[in-house]
$ cat run.pdb   # PDB, C-alpha atoms, pLDDT in the B column
MODEL        1
ATOM      1  CA  MET R   1     -19.496 -15.024   1.174  1.00 83.00           C
ATOM      2  CA  ARG R   2     -17.641 -13.222   3.982  1.00 85.00           C
ATOM      3  CA  ASP R   3     -15.393 -16.233   4.656  1.00 88.00           C
ATOM      4  CA  PHE R   4     -14.629 -16.650   0.947  1.00 90.00           C
ATOM      5  CA  VAL R   5     -13.561 -12.999   0.668  1.00 94.00           C
ATOM      6  CA  LEU R   6     -11.622 -13.184   3.940  1.00 93.00           C
ATOM      7  CA  PHE R   7      -9.703 -16.282   2.817  1.00 93.00           C
ATOM      8  CA  GLY R   8      -8.945 -14.625  -0.523  1.00 94.00           C
ATOM      9  CA  HIS R   9      -7.689 -11.544   1.312  1.00 95.00           C
ATOM     10  CA  VAL R  10      -5.420 -13.572   3.615  1.00 95.00           C
ATOM     11  CA  ILE R  11      -4.123 -15.931   0.904  1.00 97.00           C
ATOM     12  CA  LEU R  12      -3.293 -13.115  -1.534  1.00 97.00           C
ATOM     13  CA  GLY R  13      -1.668 -11.089   1.256  1.00 96.00           C
ATOM     14  CA  LEU R  14       0.434 -14.045   2.395  1.00 97.00           C
ATOM     15  CA  SER R  15       1.429 -14.865  -1.187  1.00 97.00           C
ATOM     16  CA  LEU R  16       2.810 -11.329  -1.522  1.00 98.00           C
ATOM     17  CA  ILE R  17       5.163 -12.061   1.377  1.00 98.00           C
ATOM     18  CA  VAL R  18       6.094 -15.579   0.229  1.00 98.00           C
ATOM     19  CA  PHE R  19       6.737 -14.609  -3.416  1.00 98.00           C
ATOM     20  CA  SER R  20       8.800 -11.592  -2.362  1.00 98.00           C
ATOM     21  CA  ILE R  21      10.963 -13.827  -0.159  1.00 98.00           C
ATOM     22  CA  VAL R  22      11.408 -16.320  -3.020  1.00 97.00           C
ATOM     23  CA  ILE R  23      12.375 -13.484  -5.385  1.00 97.00           C
ATOM     24  CA  LEU R  24      14.934 -12.172  -2.880  1.00 97.00           C
ATOM     25  CA  LEU R  25      16.403 -15.658  -2.398  1.00 96.00           C
ATOM     26  CA  TYR R  26      16.944 -16.146  -6.137  1.00 95.00           C
ATOM     27  CA  ILE R  27      17.583 -12.561  -7.249  1.00 94.00           C
ATOM     28  CA  ASN R  28      21.357 -13.017  -7.543  1.00 91.00           C
ATOM     29  CA  LYS R  29      21.034 -16.339  -9.388  1.00 89.00           C
ATOM     30  CA  LYS R  30      19.239 -14.668 -12.311  1.00 78.00           C
ATOM     31  CA  ALA R  31      16.663 -17.454 -12.693  1.00 88.00           C
ATOM     32  CA  LYS R  32      14.534 -17.265 -15.862  1.00 90.00           C
ATOM     33  CA  TRP R  33      11.285 -17.281 -13.916  1.00 96.00           C
ATOM     34  CA  LEU R  34      12.281 -14.266 -11.824  1.00 96.00           C
ATOM     35  CA  LYS R  35      10.744 -11.683 -14.190  1.00 96.00           C
ATOM     36  CA  PRO R  36       7.394 -13.489 -14.656  1.00 97.00           C
ATOM     37  CA  LEU R  37       7.159 -14.100 -10.902  1.00 98.00           C
ATOM     38  CA  SER R  38       7.904 -10.431 -10.201  1.00 98.00           C
ATOM     39  CA  ILE R  39       5.170  -9.298 -12.591  1.00 98.00           C
ATOM     40  CA  PHE R  40       2.775 -11.874 -11.119  1.00 98.00           C
ATOM     41  CA  THR R  41       3.542 -10.599  -7.602  1.00 98.00           C
ATOM     42  CA  ALA R  42       2.858  -7.018  -8.705  1.00 98.00           C
ATOM     43  CA  LEU R  43      -0.461  -8.150 -10.216  1.00 98.00           C
ATOM     44  CA  ILE R  44      -1.370  -9.863  -6.932  1.00 98.00           C
ATOM     45  CA  SER R  45      -0.656  -6.623  -5.072  1.00 98.00           C
ATOM     46  CA  TRP R  46      -3.352  -4.931  -7.170  1.00 98.00           C
ATOM     47  CA  ALA R  47      -5.716  -7.925  -7.055  1.00 97.00           C
ATOM     48  CA  VAL R  48      -5.626  -8.106  -3.253  1.00 97.00           C
ATOM     49  CA  LEU R  49      -7.392  -4.737  -3.177  1.00 97.00           C
ATOM     50  CA  LEU R  50     -10.586  -6.443  -4.410  1.00 97.00           C
ATOM     51  CA  PRO R  51     -11.165  -8.699  -1.366  1.00 96.00           C
ATOM     52  CA  SER R  52      -9.714  -5.980   0.892  1.00 95.00           C
ATOM     53  CA  GLY R  53     -12.189  -3.451  -0.446  1.00 95.00           C
ATOM     54  CA  LYS R  54     -15.107  -5.855  -0.201  1.00 95.00           C
ATOM     55  CA  LEU R  55     -14.270  -6.673   3.424  1.00 94.00           C
ATOM     56  CA  TYR R  56     -13.690  -3.059   4.366  1.00 94.00           C
ATOM     57  CA  LEU R  57     -16.705  -1.569   2.616  1.00 95.00           C
ATOM     58  CA  THR R  58     -19.289  -4.302   3.152  1.00 94.00           C
ATOM     59  CA  PHE R  59     -18.407  -6.240   6.283  1.00 93.00           C
ATOM     60  CA  TYR R  60     -16.189  -3.966   8.387  1.00 93.00           C
ATOM     61  CA  PRO R  61     -18.732  -1.215   9.311  1.00 93.00           C
ATOM     62  CA  ALA R  62     -20.493  -3.558  11.772  1.00 94.00           C
ATOM     63  CA  THR R  63     -17.142  -4.616  13.279  1.00 94.00           C
ATOM     64  CA  LYS R  64     -16.133  -0.962  13.539  1.00 95.00           C
ATOM     65  CA  THR R  65     -19.226  -0.180  15.628  1.00 95.00           C
ATOM     66  CA  VAL R  66     -18.387  -3.045  17.997  1.00 95.00           C
ATOM     67  CA  ILE R  67     -14.737  -1.982  18.321  1.00 96.00           C
ATOM     68  CA  LYS R  68     -15.575   1.653  19.011  1.00 94.00           C
ATOM     69  CA  ALA R  69     -18.038   0.642  21.734  1.00 94.00           C
ATOM     70  CA  GLY R  70     -15.495  -1.706  23.334  1.00 93.00           C
ATOM     71  CA  THR R  71     -12.368  -1.211  25.451  1.00 95.00           C
ATOM     72  CA  TRP R  72      -9.991  -1.020  22.473  1.00 96.00           C
ATOM     73  CA  PRO R  73     -11.405   1.867  20.385  1.00 96.00           C
ATOM     74  CA  TRP R  74      -7.857   2.639  19.219  1.00 96.00           C
ATOM     75  CA  ALA R  75      -7.903  -0.682  17.366  1.00 97.00           C
ATOM     76  CA  HIS R  76     -10.071   1.112  14.829  1.00 97.00           C
ATOM     77  CA  SER R  77      -8.991   4.749  15.216  1.00 97.00           C
ATOM     78  CA  ILE R  78      -5.264   4.059  14.953  1.00 97.00           C
ATOM     79  CA  ILE R  79      -4.659   0.497  13.749  1.00 97.00           C
ATOM     80  CA  MET R  80      -7.446   0.013  11.191  1.00 97.00           C
ATOM     81  CA  GLU R  81      -7.238   3.560   9.847  1.00 97.00           C
ATOM     82  CA  THR R  82      -3.481   3.128   9.307  1.00 98.00           C
ATOM     83  CA  LYS R  83      -3.858  -0.397   7.899  1.00 97.00           C
ATOM     84  CA  GLU R  84      -6.509   0.517   5.336  1.00 96.00           C
ATOM     85  CA  HIS R  85      -4.233   3.231   3.928  1.00 98.00           C
ATOM     86  CA  TRP R  86      -0.903   1.391   4.149  1.00 98.00           C
ATOM     87  CA  GLY R  87      -2.559  -1.327   2.072  1.00 97.00           C
ATOM     88  CA  LEU R  88      -2.974   1.164  -0.772  1.00 98.00           C
ATOM     89  CA  LEU R  89       0.804   1.594  -0.895  1.00 98.00           C
ATOM     90  CA  LEU R  90       1.492  -2.112  -1.527  1.00 98.00           C
ATOM     91  CA  PRO R  91       0.697  -2.015  -5.294  1.00 98.00           C
ATOM     92  CA  LEU R  92       2.965   0.995  -5.783  1.00 98.00           C
ATOM     93  CA  ILE R  93       5.840  -0.715  -3.987  1.00 98.00           C
ATOM     94  CA  ALA R  94       5.333  -4.091  -5.706  1.00 98.00           C
ATOM     95  CA  THR R  95       4.978  -2.525  -9.167  1.00 98.00           C
ATOM     96  CA  THR R  96       8.185  -0.544  -8.671  1.00 98.00           C
ATOM     97  CA  ALA R  97      10.016  -3.666  -7.465  1.00 98.00           C
ATOM     98  CA  ALA R  98       8.771  -5.716 -10.437  1.00 98.00           C
ATOM     99  CA  TRP R  99       9.634  -2.931 -12.895  1.00 97.00           C
ATOM    100  CA  LEU R 100      13.201  -2.892 -11.571  1.00 97.00           C
ATOM    101  CA  VAL R 101      13.550  -6.672 -12.021  1.00 97.00           C
ATOM    102  CA  VAL R 102      12.112  -6.489 -15.556  1.00 96.00           C
ATOM    103  CA  SER R 103      14.571  -3.659 -16.292  1.00 95.00           C
ATOM    104  CA  GLY R 104      17.464  -5.832 -15.091  1.00 94.00           C
ATOM    105  CA  LYS R 105      18.058  -3.703 -11.982  1.00 95.00           C
ATOM    106  CA  ASN R 106      17.872  -6.629  -9.582  1.00 95.00           C
ATOM    107  CA  GLU R 107      20.154  -5.105  -6.972  1.00 96.00           C
ATOM    108  CA  GLU R 108      18.107  -1.897  -6.865  1.00 96.00           C
ATOM    109  CA  SER R 109      14.892  -3.887  -6.458  1.00 97.00           C
ATOM    110  CA  LYS R 110      16.007  -5.625  -3.242  1.00 97.00           C
ATOM    111  CA  ARG R 111      15.049  -2.915  -0.783  1.00 97.00           C
ATOM    112  CA  TRP R 112      11.623  -2.575  -2.443  1.00 98.00           C
ATOM    113  CA  TRP R 113      10.902  -6.306  -2.008  1.00 98.00           C
ATOM    114  CA  ILE R 114      12.069  -6.056   1.617  1.00 98.00           C
ATOM    115  CA  LEU R 115       9.808  -3.048   2.205  1.00 98.00           C
ATOM    116  CA  LEU R 116       6.913  -4.970   0.628  1.00 98.00           C
ATOM    117  CA  ILE R 117       7.509  -7.918   2.978  1.00 98.00           C
ATOM    118  CA  ILE R 118       7.738  -5.714   6.084  1.00 98.00           C
ATOM    119  CA  LEU R 119       4.673  -3.638   5.233  1.00 98.00           C
ATOM    120  CA  ALA R 120       2.539  -6.652   4.240  1.00 98.00           C
ATOM    121  CA  ALA R 121       3.560  -8.489   7.431  1.00 97.00           C
ATOM    122  CA  LEU R 122       2.759  -5.447   9.587  1.00 98.00           C
ATOM    123  CA  ILE R 123      -0.636  -5.140   7.877  1.00 97.00           C
ATOM    124  CA  GLY R 124      -1.280  -8.801   8.713  1.00 96.00           C
ATOM    125  CA  VAL R 125      -0.413  -8.254  12.382  1.00 97.00           C
ATOM    126  CA  MET R 126      -2.593  -5.133  12.453  1.00 97.00           C
ATOM    127  CA  GLY R 127      -5.480  -7.141  11.012  1.00 95.00           C
ATOM    128  CA  ARG R 128      -5.110  -9.545  13.904  1.00 95.00           C
ATOM    129  CA  LEU R 129      -5.113  -6.657  16.416  1.00 96.00           C
ATOM    130  CA  VAL R 130      -8.315  -5.276  14.871  1.00 96.00           C
ATOM    131  CA  LYS R 131      -9.895  -8.719  15.180  1.00 94.00           C
ATOM    132  CA  ILE R 132      -8.895  -8.914  18.857  1.00 95.00           C
ATOM    133  CA  GLY R 133     -10.191  -5.366  19.350  1.00 94.00           C
ATOM    134  CA  ALA R 134     -13.621  -6.487  18.200  1.00 93.00           C
ATOM    135  CA  LEU R 135     -13.702  -9.133  20.925  1.00 92.00           C
ATOM    136  CA  ARG R 136     -12.803  -6.753  23.759  1.00 82.00           C
TER     137      ARG R 136
ATOM    138  CA  MET B   1       7.608  -1.466 -18.874  1.00 60.00           C
ATOM    139  CA  GLY B   2      10.273   0.716 -20.475  1.00 66.00           C
ATOM    140  CA  LYS B   3       7.580   3.277 -21.212  1.00 85.00           C
ATOM    141  CA  PHE B   4       7.357   4.123 -17.546  1.00 92.00           C
ATOM    142  CA  ASN B   5       9.525   5.414 -14.727  1.00 95.00           C
ATOM    143  CA  PHE B   6       7.671   4.002 -11.732  1.00 96.00           C
ATOM    144  CA  TYR B   7       9.983   5.792  -9.313  1.00 97.00           C
ATOM    145  CA  PHE B   8       8.300   9.130  -9.996  1.00 97.00           C
ATOM    146  CA  GLY B   9       4.831   7.581 -10.043  1.00 97.00           C
ATOM    147  CA  THR B  10       5.471   5.931  -6.685  1.00 98.00           C
ATOM    148  CA  ALA B  11       6.744   9.183  -5.196  1.00 98.00           C
ATOM    149  CA  ALA B  12       3.759  11.184  -6.455  1.00 98.00           C
ATOM    150  CA  GLY B  13       1.175   8.507  -5.576  1.00 98.00           C
ATOM    151  CA  SER B  14       2.451   7.902  -2.040  1.00 98.00           C
ATOM    152  CA  LEU B  15       2.729  11.614  -1.205  1.00 98.00           C
ATOM    153  CA  LEU B  16      -0.734  12.246  -2.645  1.00 98.00           C
ATOM    154  CA  LEU B  17      -2.137   9.448  -0.478  1.00 98.00           C
ATOM    155  CA  ALA B  18      -0.602  10.896   2.697  1.00 98.00           C
ATOM    156  CA  ALA B  19      -1.933  14.349   1.780  1.00 98.00           C
ATOM    157  CA  MET B  20      -5.443  12.991   1.105  1.00 98.00           C
ATOM    158  CA  VAL B  21      -5.440  11.145   4.446  1.00 98.00           C
ATOM    159  CA  VAL B  22      -4.495  14.252   6.430  1.00 98.00           C
ATOM    160  CA  ILE B  23      -6.733  16.667   4.502  1.00 98.00           C
ATOM    161  CA  GLY B  24      -9.658  14.234   4.585  1.00 97.00           C
ATOM    162  CA  GLU B  25      -9.530  13.927   8.374  1.00 96.00           C
ATOM    163  CA  LEU B  26      -8.984  17.639   9.079  1.00 97.00           C
ATOM    164  CA  TYR B  27     -11.369  19.012   6.459  1.00 97.00           C
ATOM    165  CA  ALA B  28     -14.522  16.881   6.364  1.00 96.00           C
ATOM    166  CA  PRO B  29     -15.920  18.343   3.082  1.00 97.00           C
ATOM    167  CA  PHE B  30     -12.937  16.865   1.219  1.00 97.00           C
ATOM    168  CA  LYS B  31     -13.637  13.372   2.558  1.00 96.00           C
ATOM    169  CA  GLU B  32     -17.334  13.831   1.757  1.00 97.00           C
ATOM    170  CA  LEU B  33     -16.462  14.943  -1.770  1.00 97.00           C
ATOM    171  CA  LEU B  34     -14.393  11.781  -2.299  1.00 97.00           C
ATOM    172  CA  ALA B  35     -17.280   9.700  -0.943  1.00 97.00           C
ATOM    173  CA  SER B  36     -19.877  11.416  -3.125  1.00 97.00           C
ATOM    174  CA  VAL B  37     -17.828  11.125  -6.332  1.00 98.00           C
ATOM    175  CA  PHE B  38     -16.410   7.621  -5.815  1.00 97.00           C
ATOM    176  CA  SER B  39     -19.087   6.088  -3.514  1.00 96.00           C
ATOM    177  CA  HIS B  40     -16.537   5.799  -0.650  1.00 96.00           C
ATOM    178  CA  HIS B  41     -13.542   7.902   0.405  1.00 97.00           C
ATOM    179  CA  TRP B  42     -11.261   4.817   0.331  1.00 97.00           C
ATOM    180  CA  ILE B  43     -12.175   4.081  -3.285  1.00 97.00           C
ATOM    181  CA  GLY B  44     -11.647   7.759  -4.106  1.00 98.00           C
ATOM    182  CA  LYS B  45      -8.156   7.708  -2.620  1.00 98.00           C
ATOM    183  CA  LEU B  46      -7.347   4.467  -4.473  1.00 98.00           C
ATOM    184  CA  ALA B  47      -8.625   5.829  -7.811  1.00 98.00           C
ATOM    185  CA  LEU B  48      -6.817   9.177  -7.566  1.00 98.00           C
ATOM    186  CA  MET B  49      -3.593   7.639  -6.276  1.00 98.00           C
ATOM    187  CA  SER B  50      -3.593   4.981  -9.047  1.00 98.00           C
ATOM    188  CA  ALA B  51      -4.299   7.561 -11.750  1.00 98.00           C
ATOM    189  CA  VAL B  52      -1.479   9.798 -10.534  1.00 98.00           C
ATOM    190  CA  PHE B  53       0.837   6.780 -10.202  1.00 98.00           C
ATOM    191  CA  PHE B  54       0.424   5.691 -13.828  1.00 97.00           C
ATOM    192  CA  VAL B  55       0.199   9.166 -15.400  1.00 97.00           C
ATOM    193  CA  ILE B  56       3.293  10.509 -13.615  1.00 97.00           C
ATOM    194  CA  SER B  57       5.186   7.258 -14.309  1.00 97.00           C
ATOM    195  CA  PHE B  58       4.433   7.742 -18.015  1.00 96.00           C
ATOM    196  CA  LEU B  59       5.030  11.507 -18.215  1.00 96.00           C
ATOM    197  CA  TYR B  60       8.396  11.288 -16.441  1.00 93.00           C
ATOM    198  CA  LYS B  61       9.612   8.159 -18.241  1.00 91.00           C
ATOM    199  CA  ASN B  62      12.701   9.929 -19.604  1.00 89.00           C
ATOM    200  CA  LYS B  63      13.657  11.767 -16.435  1.00 88.00           C
ATOM    201  CA  ASN B  64      15.903  10.205 -13.789  1.00 87.00           C
ATOM    202  CA  SER B  65      16.455  12.976 -11.285  1.00 89.00           C
ATOM    203  CA  ILE B  66      15.108  16.239  -9.946  1.00 88.00           C
ATOM    204  CA  GLY B  67      17.982  18.584  -9.253  1.00 89.00           C
ATOM    205  CA  LYS B  68      20.629  16.701  -7.326  1.00 90.00           C
ATOM    206  CA  TYR B  69      18.167  14.071  -6.084  1.00 92.00           C
ATOM    207  CA  SER B  70      17.951  10.732  -7.931  1.00 94.00           C
ATOM    208  CA  ASP B  71      14.555   9.309  -8.880  1.00 95.00           C
ATOM    209  CA  GLU B  72      15.356   6.220  -6.807  1.00 95.00           C
ATOM    210  CA  ASN B  73      15.905   8.189  -3.606  1.00 96.00           C
ATOM    211  CA  ILE B  74      12.931  10.477  -4.242  1.00 97.00           C
ATOM    212  CA  ALA B  75      10.656   7.435  -4.534  1.00 97.00           C
ATOM    213  CA  TRP B  76      12.166   5.603  -1.577  1.00 98.00           C
ATOM    214  CA  TYR B  77      11.968   8.496   0.865  1.00 98.00           C
ATOM    215  CA  SER B  78       8.517   9.532  -0.382  1.00 98.00           C
ATOM    216  CA  VAL B  79       7.124   6.078   0.391  1.00 98.00           C
ATOM    217  CA  LEU B  80       8.788   5.970   3.809  1.00 98.00           C
ATOM    218  CA  ALA B  81       7.488   9.470   4.564  1.00 98.00           C
ATOM    219  CA  SER B  82       3.982   8.437   3.528  1.00 98.00           C
ATOM    220  CA  VAL B  83       4.088   5.330   5.752  1.00 98.00           C
ATOM    221  CA  ILE B  84       5.280   7.356   8.752  1.00 98.00           C
ATOM    222  CA  VAL B  85       2.948  10.334   8.199  1.00 98.00           C
ATOM    223  CA  ILE B  86      -0.142   8.115   7.944  1.00 98.00           C
ATOM    224  CA  PHE B  87       0.637   6.226  11.167  1.00 98.00           C
ATOM    225  CA  VAL B  88       1.770   9.254  13.186  1.00 98.00           C
ATOM    226  CA  PHE B  89      -1.211  11.279  11.984  1.00 98.00           C
ATOM    227  CA  TYR B  90      -3.762   8.702  13.161  1.00 97.00           C
ATOM    228  CA  LEU B  91      -1.848   8.264  16.426  1.00 98.00           C
ATOM    229  CA  ALA B  92      -1.864  12.008  17.093  1.00 97.00           C
ATOM    230  CA  HIS B  93      -5.451  12.368  15.873  1.00 96.00           C
ATOM    231  CA  TYR B  94      -6.613   9.731  18.375  1.00 96.00           C
ATOM    232  CA  PHE B  95      -4.950  11.364  21.368  1.00 94.00           C
ATOM    233  CA  ALA B  96      -5.718  14.961  20.312  1.00 86.00           C
TER     234      ALA B  96
ENDMDL
END

$ encode --input "run.pdb" --output "structure tokens"
Amino acid sequence: MRDFVLFGHVILGLSLIVFSIVILLYINKKAKWLKPLSIFTALISWAVLLPSGKLYLTFYPATKTVIKAGTWPWAHSIIMETKEHWGLLLPLIATTAAWLVVSGKNEESKRWWILLIILAALIGVMGRLVKIGALR
Amino acid sequence: MGKFNFYFGTAAGSLLLAAMVVIGELYAPFKELLASVFSHHWIGKLALMSAVFFVISFLYKNKNSIGKYSDENIAWYSVLASVIVIFVFYLAHYFA
């Protein structure tokens, strides 16, 4: 169960980054599939909260205890606390970016897709740091 | 999606999230209230932020600025402020 949720979490998170990059690459070419892909990406940004929430609420408490008793307590207190809240901003950013594409404001949407990529990538790196923190 | 202006919803939702993070850590009863109403403070923050996001996006659908500030810039700087405040707060909170 835990692995299934974890894989879902990672795959959906990575797809946010990949789809945003694809959208940015084709945004000036006005491809027909750009709007559906933008909406799909925004939907993924909401959907990823399901596995994230399951991992955080059900499986993370035990990991948290281990981290706080180890040599990297900041991996929870700073990194995980920040990560769990930055993740809540992803749907807002992705929905705004998709709304701009649907409204034909492709140029305006660029910086929102870039922000989505940067934030999602940072959250991924932070997840890795939390994992390492549990092993210390 | 023309029935919404997600710029204002994003601004309101992201600022609300940053405020809930800070208040929740500094005033424990608020975090406990979120947990008791929504089963967990994280779910409470998600629910309130999402509700504000969609309601404000709908209510301000015909507005595109506040004073001399454009909706686009208000949203952009609100999100950046939220990102920075959340990280800096937890950093400071850890070393305090």

$ atom_distance --input "run.pdb" --atom1 "CA of Ile86 (chain B)" --atom2 "CA of Ala18 (chain B)"
6.0 Å

$ resolve_selection --input "run.pdb" --expression "the ChimeraX specification (/B :<7) & /R" --output "short mmCIF file (atom, residue, chain, number, x, y, z; two decimals) with C-alpha atoms, in the coordinates of the input"
data_model
loop_
_atom_site.label_atom_id
_atom_site.label_comp_id
_atom_site.auth_asym_id
_atom_site.auth_seq_id
_atom_site.Cartn_x
_atom_site.Cartn_y
_atom_site.Cartn_z
CA SER R 77 -8.99 4.75 15.22
CA ILE R 78 -5.26 4.06 14.95
CA THR R 82 -3.48 3.13 9.31
CA TRP R 86 -0.90 1.39 4.15
CA LEU R 88 -2.97 1.16 -0.77
CA LEU R 89 0.80 1.59 -0.90
CA LEU R 92 2.96 1.00 -5.78
CA THR R 96 8.18 -0.54 -8.67
CA TRP R 99 9.63 -2.93 -12.90
#

$ resolve_selection --input "run.pdb" --expression "the PyMOL selection byres ((chain B and resi 61) around 7)" --output "VMD selection string"
chain B and resid 3 to 5 57 to 60 62 to 63

$ write_last_selection --input "run.pdb" --atoms "C-alpha atoms" --output "CSV table (one decimal), in the frame of the given file"
chain,number,residue,atom,x,y,z
B,3,LYS,CA,7.6,3.3,-21.2
B,4,PHE,CA,7.4,4.1,-17.5
B,5,ASN,CA,9.5,5.4,-14.7
B,57,SER,CA,5.2,7.3,-14.3
B,58,PHE,CA,4.4,7.7,-18.0
B,59,LEU,CA,5.0,11.5,-18.2
B,60,TYR,CA,8.4,11.3,-16.4
B,62,ASN,CA,12.7,9.9,-19.6
B,63,LYS,CA,13.7,11.8,-16.4

$ axis_aligned_box --input "run.pdb" --around "region 16-19 of chain B" --padding-each-side "8 Å" --output "lines of an AutoDock Vina configuration file"
center_x = -1.4
center_y = 11.9
center_z = 0.0
size_x = 17.5
size_y = 20.9
size_z = 21.3

$ residues_around --input "run.pdb" --residues "region 13-24 of chain R" --least-positions-apart "5" --cutoff "10 Å" --atoms "only C-alpha atoms" --output "number ranges by chain"
R: 7-8, 29-31, 33-35, 37-38, 40-45, 47-49, 52, 87, 90, 94, 97-98, 101, 106-107, 109-121, 123-124

$ write_last_selection --input "run.pdb" --atoms "C-alpha atoms" --output "PDB file, keeping the file's coordinate frame"
ATOM      1  CA  PHE R   7      -9.703 -16.282   2.817  1.00 93.00           C
ATOM      2  CA  GLY R   8      -8.945 -14.625  -0.523  1.00 94.00           C
ATOM      3  CA  LYS R  29      21.034 -16.339  -9.388  1.00 89.00           C
ATOM      4  CA  LYS R  30      19.239 -14.668 -12.311  1.00 78.00           C
ATOM      5  CA  ALA R  31      16.663 -17.454 -12.693  1.00 88.00           C
ATOM      6  CA  TRP R  33      11.285 -17.281 -13.916  1.00 96.00           C
ATOM      7  CA  LEU R  34      12.281 -14.266 -11.824  1.00 96.00           C
ATOM      8  CA  LYS R  35      10.744 -11.683 -14.190  1.00 96.00           C
ATOM      9  CA  LEU R  37       7.159 -14.100 -10.902  1.00 98.00           C
ATOM     10  CA  SER R  38       7.904 -10.431 -10.201  1.00 98.00           C
ATOM     11  CA  PHE R  40       2.775 -11.874 -11.119  1.00 98.00           C
ATOM     12  CA  THR R  41       3.542 -10.599  -7.602  1.00 98.00           C
ATOM     13  CA  ALA R  42       2.858  -7.018  -8.705  1.00 98.00           C
ATOM     14  CA  LEU R  43      -0.461  -8.150 -10.216  1.00 98.00           C
ATOM     15  CA  ILE R  44      -1.370  -9.863  -6.932  1.00 98.00           C
ATOM     16  CA  SER R  45      -0.656  -6.623  -5.072  1.00 98.00           C
ATOM     17  CA  ALA R  47      -5.716  -7.925  -7.055  1.00 97.00           C
ATOM     18  CA  VAL R  48      -5.626  -8.106  -3.253  1.00 97.00           C
ATOM     19  CA  LEU R  49      -7.392  -4.737  -3.177  1.00 97.00           C
ATOM     20  CA  SER R  52      -9.714  -5.980   0.892  1.00 95.00           C
ATOM     21  CA  GLY R  87      -2.559  -1.327   2.072  1.00 97.00           C
ATOM     22  CA  LEU R  90       1.492  -2.112  -1.527  1.00 98.00           C
ATOM     23  CA  ALA R  94       5.333  -4.091  -5.706  1.00 98.00           C
ATOM     24  CA  ALA R  97      10.016  -3.666  -7.465  1.00 98.00           C
ATOM     25  CA  ALA R  98       8.771  -5.716 -10.437  1.00 98.00           C
ATOM     26  CA  VAL R 101      13.550  -6.672 -12.021  1.00 97.00           C
ATOM     27  CA  ASN R 106      17.872  -6.629  -9.582  1.00 95.00           C
ATOM     28  CA  GLU R 107      20.154  -5.105  -6.972  1.00 96.00           C
ATOM     29  CA  SER R 109      14.892  -3.887  -6.458  1.00 97.00           C
ATOM     30  CA  LYS R 110      16.007  -5.625  -3.242  1.00 97.00           C
ATOM     31  CA  ARG R 111      15.049  -2.915  -0.783  1.00 97.00           C
ATOM     32  CA  TRP R 112      11.623  -2.575  -2.443  1.00 98.00           C
ATOM     33  CA  TRP R 113      10.902  -6.306  -2.008  1.00 98.00           C
ATOM     34  CA  ILE R 114      12.069  -6.056   1.617  1.00 98.00           C
ATOM     35  CA  LEU R 115       9.808  -3.048   2.205  1.00 98.00           C
ATOM     36  CA  LEU R 116       6.913  -4.970   0.628  1.00 98.00           C
ATOM     37  CA  ILE R 117       7.509  -7.918   2.978  1.00 98.00           C
ATOM     38  CA  ILE R 118       7.738  -5.714   6.084  1.00 98.00           C
ATOM     39  CA  LEU R 119       4.673  -3.638   5.233  1.00 98.00           C
ATOM     40  CA  ALA R 120       2.539  -6.652   4.240  1.00 98.00           C
ATOM     41  CA  ALA R 121       3.560  -8.489   7.431  1.00 97.00           C
ATOM     42  CA  ILE R 123      -0.636  -5.140   7.877  1.00 97.00           C
ATOM     43  CA  GLY R 124      -1.280  -8.801   8.713  1.00 96.00           C
TER      44      GLY R 124
END

$ closest_residue --input "run.pdb" --among "R:Lys131, R:Lys105, R:Lys32, R:Lys54" --to "Met80 (chain R)" --atoms "all atoms listed in the file"
R:Lys131

$ residues_around --input "run.pdb" --residues "Gly44 (chain B)" --least-positions-apart "6" --cutoff "7 Å" --atoms "all atoms listed in the file" --output "list in words"
Leu34, Ala35 and Phe38 of chain B

$ closest_residue --input "run.pdb" --among "B:Glu32, B:Tyr77, B:Leu15, B:Ser39" --to "Leu57 (chain R)" --atoms "all atoms listed in the file"
B:Ser39

$ closest_residue --input "run.pdb" --among "R:Ser103, R:Ile39, R:Met126, R:Ala62" --to "Pro91 (chain R)" --atoms "all atoms listed in the file"
R:Ile39

$ atom_distance --input "run.pdb" --atom1 "CA of Leu129 (chain R)" --atom2 "CA of Ile67 (chain R)"
10.9 Å

$ resolve_selection --input "run.pdb" --expression "the PyMOL selection byres ((chain R and resi 69-71) around 9)" --output "PyMOL selection string"
chain R and resi 64-68+72-74+133-136

$ atom_distance --input "run.pdb" --atom1 "CA of Leu48 (chain B)" --atom2 "CA of Asp3 (chain R)"
29.5 Å

$ decode --input "run.pdb" --residues "region 10-22 of chain B" --atoms "C-alpha atoms" --output "PDB file, in the first residue's frame"
ATOM      1  CA  THR B  10      -4.382  32.681  -6.083  1.00  0.00           C
ATOM      2  CA  ALA B  11      -3.406  35.855  -4.242  1.00  0.00           C
ATOM      3  CA  ALA B  12      -5.996  35.323  -1.501  1.00  0.00           C
ATOM      4  CA  GLY B  13      -5.358  31.568  -1.172  1.00  0.00           C
ATOM      5  CA  SER B  14      -1.565  31.846  -0.989  1.00  0.00           C
ATOM      6  CA  LEU B  15      -1.617  34.702   1.540  1.00  0.00           C
ATOM      7  CA  LEU B  16      -4.191  32.855   3.645  1.00  0.00           C
ATOM      8  CA  LEU B  17      -1.969  29.764   3.635  1.00  0.00           C
ATOM      9  CA  ALA B  18       1.075  31.730   4.820  1.00  0.00           C
ATOM     10  CA  ALA B  19      -1.030  33.373   7.541  1.00  0.00           C
ATOM     11  CA  MET B  20      -2.432  30.011   8.706  1.00  0.00           C
ATOM     12  CA  VAL B  21       1.081  28.524   8.850  1.00  0.00           C
ATOM     13  CA  VAL B  22       2.441  31.345  11.012  1.00  0.00           C
TER      14      VAL B  22
END
